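These notes concern the structure reproduced below.
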Amino acid sequence: MTSRSLVSMNDYTKEEILDVLKRAEEFEKNPNCNLLEGKVVASLFFEPSTRTRLSFETAINRMGGRIVGFTDAASSSVTKGESLNDTIKMVSNYCDLVVMRHPLEGAARHASEVSDVPIINAGDGANQHPTQTMLDLYSIMKTQGTLENLNIFMVGDLKYGRTVHSLLMAMSHFNPTFHFIAPKELEIPKAYKMFMEERNIKYYEHTEFGDIIEKADILYMTRVQRERFADPLEYEKVKNVYILKNSMLDNTKDNLRILHPLPRVNEIAMDVDSNPKAYYFQQALNGVYARQAIMAKALNL
Ligand code: CP
């Protein structure tokens with residue numbers, strides 16, 4: 001595997017996606033190794049995170065690497081006015097790899113252009129979250145036995161949900177049929193519709209959330225992203241628009257699995273958690289193995 005940044009799902013070919021998933025499977029069997037021994041990974045979180053940061057840190061620890069960084073830009077010299085450009089130039093002097101989450105769309109791409117070491121995008125605003133997508137793909141592969149020809153239903157905040165945007169791009173290699181369930185205000189952005197149309201990918205848009213999920217192989221629930229709304233009243237209008245309840249799963253397919261990038265707010269009722277079709281906590285665990293594989297690829301290990 002060649003060494004390089006992962007900023008958008010466009011940075012991986014289909015073959016590279018499949019290679020990384022195969023590698024994730026190996027890491028799941030043997031997570032502890034010394035591949036990162038002698039390496040320093042900088043973990044720069046300009047936005048809050050639980051799963052992404054901690055699963056990267058777990059992955060780095062399991063691979064024998066060291067971590068430097070910050071969990072809050074308020075504790076960095078950004079508060080003194082230092083630019084992203086200068087921050088990345090400095091940090092890339094100190095380390096072998098940078099994992100970065102930032103609120104601005106395009107921040108990770110910019111960082112990759114000025115950094116001397118590979119950048120892994122851990123989420124840039126409402127744009128992309130490719131490492132989440134790799135763990136989502138790994139979860140889909142594990143639960144469905146394939147990535148090909150699946151009915152993928154995505155529900156909730158399809159406008160601001162960066163995990164939706166990255167997953168849609170990655171799944172485009174595997175002949176999916178998408179069903180997008182969102183209120184008009186949070187529908188999938190036009191750029192992604194054009195992306196699918198150019199590739200002849202079948203997609204359907206719905207505003208009602210009900211019996212149609214009976215056809216789903218994957219039900220990908222998302223949180224309404226409060227932090228991306230300029231007007232809090234607009235958030236209030238849509239925040240509880242779709243809530244998945246256990247009773248809604250009675251007539252769904254046996255192979256259906258419910259994914260959610262988490263954190264959850266209200267969009268999945270607690271009674272779903274004990275349903276064998278609920279997979280979101282295992283999905284989050286898969287993040288450790290997927291991120292081990294992504295770092296190994298970024299550093300050509
Ligand atoms: N899925 C995800 O990105 O979760 P965190 O915001 O907790 O990292």
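For the structure tokens, the naming scheme is as follows: chains receive sequential letters (A, B, ...) according to their order of presentation, residues are indexed from 1 within each chain, and ligands are indexed from 1 in presentation order.
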Using only C-alpha atoms and all ligand atoms, which residues of chain A come within 9 Å of ligand 1, and what is the closest atom pair for each, with the distance in Å to one decimal? Give it as CSV, sorted by chain and residue number.
```
residue,atom,partner,partner_atom_place_in_ligand_line,distance
A:Glu47,CA,ligand 1,6 (O),8.3
A:Pro48,CA,ligand 1,6 (O),6.4
A:Ser49,CA,ligand 1,8 (O),3.8
A:Thr50,CA,ligand 1,7 (O),3.5
A:Arg51,CA,ligand 1,7 (O),4.0
A:Thr52,CA,ligand 1,8 (O),3.6
A:Arg53,CA,ligand 1,8 (O),5.9
A:Leu54,CA,ligand 1,8 (O),7.8
A:Ser55,CA,ligand 1,8 (O),8.5
A:Arg101,CA,ligand 1,8 (O),8.9
A:Ala122,CA,ligand 1,3 (O),7.4
A:Gly123,CA,ligand 1,3 (O),7.1
A:His129,CA,ligand 1,3 (O),7.4
A:Thr131,CA,ligand 1,3 (O),8.8
A:Gln132,CA,ligand 1,1 (N),6.3
A:Thr163,CA,ligand 1,1 (N),7.8
A:His260,CA,ligand 1,1 (N),7.9
A:Pro261,CA,ligand 1,1 (N),4.2
A:Leu262,CA,ligand 1,1 (N),4.8
A:Pro263,CA,ligand 1,4 (O),5.8
A:Ala284,CA,ligand 1,1 (N),7.6
```
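With only C-alpha atoms taken into account, the protein and nucleic acid residues at most 12 Å from Gln282 of chain A (excluding it and anything under 3 positions from it in its own chain) are A:Arg51, A:Leu135, A:Asp136, A:Tyr138, A:Ser139, A:Ile140, A:Lys142, A:Thr143, A:Arg257, A:Ile258, A:Leu259, A:His260, A:Pro261, A:Leu262, A:Asp273, A:Pro276, A:Lys277, A:Ala278, A:Tyr279, A:Leu285, A:Asn286, A:Gly287, A:Val288, A:Tyr289.
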I'd like the contact shell of Pro183 of chain A - 8 Å cut-off, only C-alpha atoms, skipping same-chain residues fewer than 6 positions apart - returned as a compact mmCIF listing (two decimals) with all heavy atoms, in the first residue's frame.
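As a result, around-v3.txt now contains:
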```
# COMPACT_ATOMS: atom_id res chain seq x y z
N GLY A 156 -32.64 10.98 8.53
CA GLY A 156 -32.37 12.08 9.47
C GLY A 156 -31.77 13.29 8.81
O GLY A 156 -32.32 13.84 7.86
N THR A 207 -40.14 11.61 2.62
CA THR A 207 -40.24 12.41 3.85
C THR A 207 -40.93 11.60 4.96
O THR A 207 -40.81 11.96 6.13
CB THR A 207 -41.03 13.72 3.62
OG1 THR A 207 -42.26 13.38 2.98
CG2 THR A 207 -40.25 14.70 2.76
N VAL A 238 -36.99 20.57 13.62
CA VAL A 238 -36.70 19.27 12.99
C VAL A 238 -36.02 18.26 13.92
O VAL A 238 -35.79 17.12 13.52
CB VAL A 238 -35.82 19.45 11.71
CG1 VAL A 238 -36.59 20.10 10.60
CG2 VAL A 238 -34.54 20.22 12.03
N VAL A 241 -37.75 14.77 14.34
CA VAL A 241 -38.66 14.47 13.23
C VAL A 241 -38.81 12.98 12.99
O VAL A 241 -39.90 12.51 12.65
CB VAL A 241 -38.23 15.26 11.97
CG1 VAL A 241 -36.89 14.81 11.43
CG2 VAL A 241 -39.28 15.19 10.89
```
>> I'd like to know which residues of segment 38-109 of chain A are strand (DSSP E) (by DSSP, run on the backbone); could you write them as a ChimeraX atom specification?
In response: /A:40-45,66-70,97-102
Could you write out that same residue set with all heavy atoms as a CSV table (one decimal), in the first residue's frame?
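New file part-v8.csv:
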```
chain,number,residue,atom,x,y,z
A,40,VAL,N,5.2,8.8,16.1
A,40,VAL,CA,4.4,9.7,16.9
A,40,VAL,C,3.3,10.2,16.0
A,40,VAL,O,3.4,10.6,14.9
A,40,VAL,CB,5.3,11.0,17.3
A,40,VAL,CG1,4.4,12.0,18.0
A,40,VAL,CG2,6.4,10.5,18.2
A,41,VAL,N,2.1,10.1,16.6
A,41,VAL,CA,0.9,10.5,15.9
A,41,VAL,C,0.3,11.7,16.6
A,41,VAL,O,0.1,11.7,17.8
A,41,VAL,CB,-0.2,9.4,15.8
A,41,VAL,CG1,-1.5,9.9,15.1
A,41,VAL,CG2,0.3,8.1,15.2
A,42,ALA,N,0.1,12.8,15.8
A,42,ALA,CA,-0.6,14.0,16.4
A,42,ALA,C,-2.1,13.9,16.2
A,42,ALA,O,-2.6,13.6,15.1
A,42,ALA,CB,0.0,15.2,15.7
A,43,SER,N,-2.8,14.1,17.3
A,43,SER,CA,-4.3,14.0,17.3
A,43,SER,C,-4.8,15.4,17.6
A,43,SER,O,-4.7,15.9,18.8
A,43,SER,CB,-4.6,13.0,18.4
A,43,SER,OG,-6.0,13.0,18.7
A,44,LEU,N,-5.3,16.1,16.6
A,44,LEU,CA,-5.7,17.5,16.7
A,44,LEU,C,-7.2,17.6,16.6
A,44,LEU,O,-7.7,17.5,15.5
A,44,LEU,CB,-5.0,18.4,15.6
A,44,LEU,CG,-3.5,18.2,15.5
A,44,LEU,CD1,-3.0,19.3,14.4
A,44,LEU,CD2,-2.8,18.4,16.8
A,45,PHE,N,-7.9,17.8,17.7
A,45,PHE,CA,-9.3,17.9,17.7
A,45,PHE,C,-9.8,19.3,18.0
A,45,PHE,O,-9.8,19.7,19.1
A,45,PHE,CB,-9.9,16.8,18.6
A,45,PHE,CG,-10.0,15.4,17.9
A,45,PHE,CD1,-8.9,14.7,17.8
A,45,PHE,CD2,-11.2,15.0,17.4
A,45,PHE,CE1,-8.9,13.5,17.1
A,45,PHE,CE2,-11.3,13.8,16.7
A,45,PHE,CZ,-10.1,13.0,16.6
A,66,ARG,N,3.0,6.4,19.8
A,66,ARG,CA,2.9,7.5,20.8
A,66,ARG,C,1.9,8.6,20.3
A,66,ARG,O,1.9,8.8,19.1
A,66,ARG,CB,4.2,8.1,21.1
A,66,ARG,CG,5.3,7.2,21.6
A,66,ARG,CD,5.3,7.1,23.1
A,66,ARG,NE,6.3,6.1,23.5
A,66,ARG,CZ,6.8,6.1,24.7
A,66,ARG,NH1,6.4,7.0,25.6
A,66,ARG,NH2,7.7,5.3,25.1
A,67,ILE,N,1.3,9.3,21.2
A,67,ILE,CA,0.3,10.3,20.8
A,67,ILE,C,0.7,11.7,21.4
A,67,ILE,O,1.0,11.7,22.6
A,67,ILE,CB,-1.1,10.0,21.3
A,67,ILE,CG1,-1.5,8.5,20.8
A,67,ILE,CG2,-2.2,11.0,20.7
A,67,ILE,CD1,-2.6,7.9,21.6
A,68,VAL,N,0.6,12.7,20.6
A,68,VAL,CA,0.6,14.1,21.1
A,68,VAL,C,-0.6,14.8,20.5
A,68,VAL,O,-1.2,14.3,19.6
A,68,VAL,CB,1.9,14.8,20.6
A,68,VAL,CG1,3.2,14.2,21.2
A,68,VAL,CG2,2.0,14.9,19.1
A,69,GLY,N,-0.9,15.9,21.1
A,69,GLY,CA,-2.1,16.7,20.5
A,69,GLY,C,-2.9,17.4,21.5
A,69,GLY,O,-2.5,17.6,22.7
A,70,PHE,N,-4.1,17.8,21.1
A,70,PHE,CA,-5.0,18.5,21.9
A,70,PHE,C,-6.4,18.0,21.6
A,70,PHE,O,-6.7,17.6,20.5
A,70,PHE,CB,-4.9,20.0,21.9
A,70,PHE,CG,-4.9,20.6,20.5
A,70,PHE,CD1,-6.1,20.8,19.8
A,70,PHE,CD2,-3.7,21.0,19.9
A,70,PHE,CE1,-6.1,21.3,18.5
A,70,PHE,CE2,-3.7,21.6,18.6
A,70,PHE,CZ,-4.9,21.7,17.9
A,97,LEU,N,2.4,11.4,11.5
A,97,LEU,CA,1.1,11.3,11.0
A,97,LEU,C,0.2,12.3,11.8
A,97,LEU,O,0.4,12.4,13.0
A,97,LEU,CB,0.6,9.9,11.2
A,97,LEU,CG,-0.9,9.5,10.7
A,97,LEU,CD1,-0.9,9.6,9.2
A,97,LEU,CD2,-1.2,8.1,11.2
A,98,VAL,N,-0.8,13.0,11.1
A,98,VAL,CA,-1.7,13.9,11.8
A,98,VAL,C,-3.1,13.3,11.6
A,98,VAL,O,-3.5,13.1,10.5
A,98,VAL,CB,-1.6,15.3,11.3
A,98,VAL,CG1,-2.7,16.2,11.9
A,98,VAL,CG2,-0.2,15.9,11.5
A,99,VAL,N,-3.8,13.2,12.7
A,99,VAL,CA,-5.3,12.9,12.7
A,99,VAL,C,-6.0,14.2,13.1
A,99,VAL,O,-5.6,14.8,14.2
A,99,VAL,CB,-5.6,11.8,13.7
A,99,VAL,CG1,-7.2,11.6,13.7
A,99,VAL,CG2,-4.9,10.5,13.3
A,100,MET,N,-6.8,14.7,12.3
A,100,MET,CA,-7.4,16.1,12.6
A,100,MET,C,-8.9,16.1,12.4
A,100,MET,O,-9.4,15.7,11.4
A,100,MET,CB,-6.7,17.1,11.6
A,100,MET,CG,-7.2,18.5,11.9
A,100,MET,SD,-6.4,19.7,10.8
A,100,MET,CE,-7.7,19.9,9.6
A,101,ARG,N,-9.6,16.7,13.4
A,101,ARG,CA,-11.0,17.1,13.2
A,101,ARG,C,-11.1,18.6,13.3
A,101,ARG,O,-10.5,19.2,14.2
A,101,ARG,CB,-11.9,16.4,14.3
A,101,ARG,CG,-13.3,17.0,14.3
A,101,ARG,CD,-14.2,16.2,15.2
A,101,ARG,NE,-14.5,14.9,14.6
A,101,ARG,CZ,-15.4,14.1,15.1
A,101,ARG,NH1,-16.1,14.4,16.2
A,101,ARG,NH2,-15.6,12.9,14.6
A,102,HIS,N,-11.9,19.2,12.4
A,102,HIS,CA,-12.0,20.6,12.3
A,102,HIS,C,-13.4,21.0,11.9
A,102,HIS,O,-14.0,20.3,11.1
A,102,HIS,CB,-11.0,21.2,11.3
A,102,HIS,CG,-10.6,22.6,11.5
A,102,HIS,ND1,-11.5,23.6,11.0
A,102,HIS,CD2,-9.6,23.2,12.1
A,102,HIS,CE1,-10.9,24.8,11.3
A,102,HIS,NE2,-9.8,24.6,12.0
```
> Which of segment 193-235 of chain A counts as helix (DSSP H, G or I) under DSSP, as a PyMOL selection string please?
Replying inline: chain A and resi 193-198+211-215+226-228+232-235
Can you spit out the residues from that selection as a short mmCIF file (atom, residue, chain, number, x, y, z; two decimals), in the first residue's frame, using all heavy atoms?
```cif
data_model
loop_
_atom_site.label_atom_id
_atom_site.label_comp_id
_atom_site.auth_asym_id
_atom_site.auth_seq_id
_atom_site.Cartn_x
_atom_site.Cartn_y
_atom_site.Cartn_z
N LYS A 193 -26.57 14.53 -5.10
CA LYS A 193 -27.54 13.98 -6.07
C LYS A 193 -26.89 13.93 -7.45
O LYS A 193 -27.03 12.95 -8.19
CB LYS A 193 -28.81 14.84 -6.12
CG LYS A 193 -29.63 14.76 -4.85
CD LYS A 193 -30.91 15.55 -5.00
CE LYS A 193 -31.54 15.79 -3.65
NZ LYS A 193 -32.71 16.66 -3.69
N MET A 194 -26.16 14.99 -7.80
CA MET A 194 -25.48 15.00 -9.10
C MET A 194 -24.43 13.90 -9.15
O MET A 194 -24.28 13.21 -10.17
CB MET A 194 -24.84 16.37 -9.34
CG MET A 194 -25.87 17.43 -9.71
SD MET A 194 -25.19 19.08 -9.64
CE MET A 194 -23.92 19.00 -10.84
N PHE A 195 -23.74 13.71 -8.07
CA PHE A 195 -22.71 12.66 -7.99
C PHE A 195 -23.34 11.30 -8.32
O PHE A 195 -22.81 10.51 -9.10
CB PHE A 195 -22.12 12.66 -6.57
CG PHE A 195 -21.14 11.55 -6.28
CD1 PHE A 195 -19.78 11.73 -6.51
CD2 PHE A 195 -21.58 10.33 -5.77
CE1 PHE A 195 -18.87 10.70 -6.24
CE2 PHE A 195 -20.68 9.30 -5.50
CZ PHE A 195 -19.33 9.49 -5.73
N MET A 196 -24.52 11.04 -7.74
CA MET A 196 -25.18 9.75 -7.98
C MET A 196 -25.72 9.65 -9.40
O MET A 196 -25.61 8.59 -10.04
CB MET A 196 -26.31 9.55 -6.96
CG MET A 196 -25.77 9.33 -5.56
SD MET A 196 -27.06 9.08 -4.35
CE MET A 196 -27.68 10.74 -4.16
N GLU A 197 -26.27 10.75 -9.89
CA GLU A 197 -26.84 10.73 -11.24
C GLU A 197 -25.74 10.47 -12.28
O GLU A 197 -25.93 9.70 -13.22
CB GLU A 197 -27.60 12.04 -11.51
CG GLU A 197 -28.95 12.03 -10.82
CD GLU A 197 -29.52 13.42 -10.53
OE1 GLU A 197 -29.06 14.40 -11.16
OE2 GLU A 197 -30.40 13.51 -9.64
N GLU A 198 -24.59 11.11 -12.09
CA GLU A 198 -23.47 10.90 -13.03
C GLU A 198 -23.03 9.45 -13.06
O GLU A 198 -22.50 8.96 -14.06
CB GLU A 198 -22.27 11.78 -12.63
CG GLU A 198 -22.45 13.24 -13.01
CD GLU A 198 -21.51 14.15 -12.21
OE1 GLU A 198 -20.58 13.66 -11.53
OE2 GLU A 198 -21.74 15.38 -12.27
N ASP A 211 -43.39 2.09 6.83
CA ASP A 211 -43.31 0.72 6.28
C ASP A 211 -42.21 0.54 5.24
O ASP A 211 -41.76 -0.58 5.01
CB ASP A 211 -44.64 0.34 5.64
CG ASP A 211 -45.74 0.25 6.68
OD1 ASP A 211 -45.39 0.21 7.87
OD2 ASP A 211 -46.93 0.23 6.29
N ILE A 212 -41.79 1.62 4.59
CA ILE A 212 -40.78 1.45 3.52
C ILE A 212 -39.49 0.82 4.03
O ILE A 212 -38.76 0.22 3.26
CB ILE A 212 -40.45 2.77 2.78
CG1 ILE A 212 -40.07 3.87 3.77
CG2 ILE A 212 -41.56 3.20 1.87
CD1 ILE A 212 -39.41 5.04 3.06
N ILE A 213 -39.21 0.90 5.32
CA ILE A 213 -37.94 0.32 5.80
C ILE A 213 -37.96 -1.21 5.77
O ILE A 213 -36.93 -1.85 5.99
CB ILE A 213 -37.53 0.82 7.21
CG1 ILE A 213 -38.53 0.39 8.27
CG2 ILE A 213 -37.31 2.33 7.19
CD1 ILE A 213 -38.05 0.66 9.70
N GLU A 214 -39.12 -1.80 5.44
CA GLU A 214 -39.21 -3.27 5.33
C GLU A 214 -38.27 -3.82 4.26
O GLU A 214 -37.92 -4.99 4.28
CB GLU A 214 -40.66 -3.69 5.05
CG GLU A 214 -41.54 -3.46 6.26
CD GLU A 214 -43.02 -3.63 5.97
OE1 GLU A 214 -43.38 -4.10 4.87
OE2 GLU A 214 -43.81 -3.27 6.87
N LYS A 215 -37.89 -2.99 3.30
CA LYS A 215 -37.02 -3.45 2.20
C LYS A 215 -35.53 -3.27 2.52
O LYS A 215 -34.67 -3.63 1.73
CB LYS A 215 -37.30 -2.62 0.94
CG LYS A 215 -38.65 -2.92 0.29
CD LYS A 215 -38.75 -2.21 -1.05
CE LYS A 215 -38.99 -0.72 -0.85
NZ LYS A 215 -39.25 0.09 -2.00
N ARG A 226 -27.21 19.65 15.56
CA ARG A 226 -27.54 20.96 16.15
C ARG A 226 -26.44 22.00 15.92
O ARG A 226 -26.72 23.17 15.64
CB ARG A 226 -27.78 20.77 17.66
CG ARG A 226 -28.25 22.04 18.35
CD ARG A 226 -28.39 21.83 19.84
NE ARG A 226 -27.15 21.30 20.40
CZ ARG A 226 -27.02 20.85 21.64
NH1 ARG A 226 -28.05 20.84 22.44
NH2 ARG A 226 -25.86 20.40 22.08
N GLU A 227 -25.17 21.57 16.03
CA GLU A 227 -24.05 22.51 15.96
C GLU A 227 -23.88 23.15 14.59
O GLU A 227 -23.13 24.11 14.44
CB GLU A 227 -22.75 21.83 16.40
CG GLU A 227 -22.26 20.67 15.54
CD GLU A 227 -22.89 19.31 15.87
OE1 GLU A 227 -24.04 19.27 16.35
OE2 GLU A 227 -22.22 18.30 15.61
N ARG A 228 -24.55 22.61 13.56
CA ARG A 228 -24.40 23.18 12.21
C ARG A 228 -25.49 24.20 11.87
O ARG A 228 -25.47 24.81 10.82
CB ARG A 228 -24.43 22.07 11.15
CG ARG A 228 -23.55 20.89 11.44
CD ARG A 228 -22.13 21.03 10.92
NE ARG A 228 -21.33 19.89 11.35
CZ ARG A 228 -20.19 19.96 12.01
NH1 ARG A 228 -19.67 21.13 12.34
NH2 ARG A 228 -19.54 18.88 12.36
N PRO A 232 -31.19 28.51 15.95
CA PRO A 232 -31.64 27.45 16.87
C PRO A 232 -33.11 27.07 16.69
O PRO A 232 -33.50 25.93 16.93
CB PRO A 232 -31.40 28.05 18.26
CG PRO A 232 -30.56 29.26 18.07
CD PRO A 232 -30.66 29.69 16.65
N LEU A 233 -33.94 28.04 16.23
CA LEU A 233 -35.37 27.73 16.03
C LEU A 233 -35.56 26.73 14.90
O LEU A 233 -36.45 25.89 14.94
CB LEU A 233 -36.16 29.02 15.74
CG LEU A 233 -36.28 29.97 16.93
CD1 LEU A 233 -37.02 31.25 16.50
CD2 LEU A 233 -37.00 29.31 18.09
N GLU A 234 -34.71 26.82 13.89
CA GLU A 234 -34.77 25.87 12.78
C GLU A 234 -34.44 24.46 13.29
O GLU A 234 -35.04 23.48 12.87
CB GLU A 234 -33.79 26.27 11.66
CG GLU A 234 -34.18 27.53 10.91
CD GLU A 234 -35.57 27.42 10.26
OE1 GLU A 234 -35.80 26.41 9.57
OE2 GLU A 234 -36.39 28.33 10.48
N TYR A 235 -33.47 24.38 14.19
CA TYR A 235 -33.11 23.08 14.79
C TYR A 235 -34.30 22.53 15.58
O TYR A 235 -34.65 21.35 15.46
CB TYR A 235 -31.89 23.23 15.69
CG TYR A 235 -31.63 22.00 16.54
CD1 TYR A 235 -31.13 20.83 15.96
CD2 TYR A 235 -31.90 21.99 17.91
CE1 TYR A 235 -30.92 19.68 16.72
CE2 TYR A 235 -31.69 20.86 18.68
CZ TYR A 235 -31.21 19.71 18.09
OH TYR A 235 -31.00 18.57 18.84
#
```
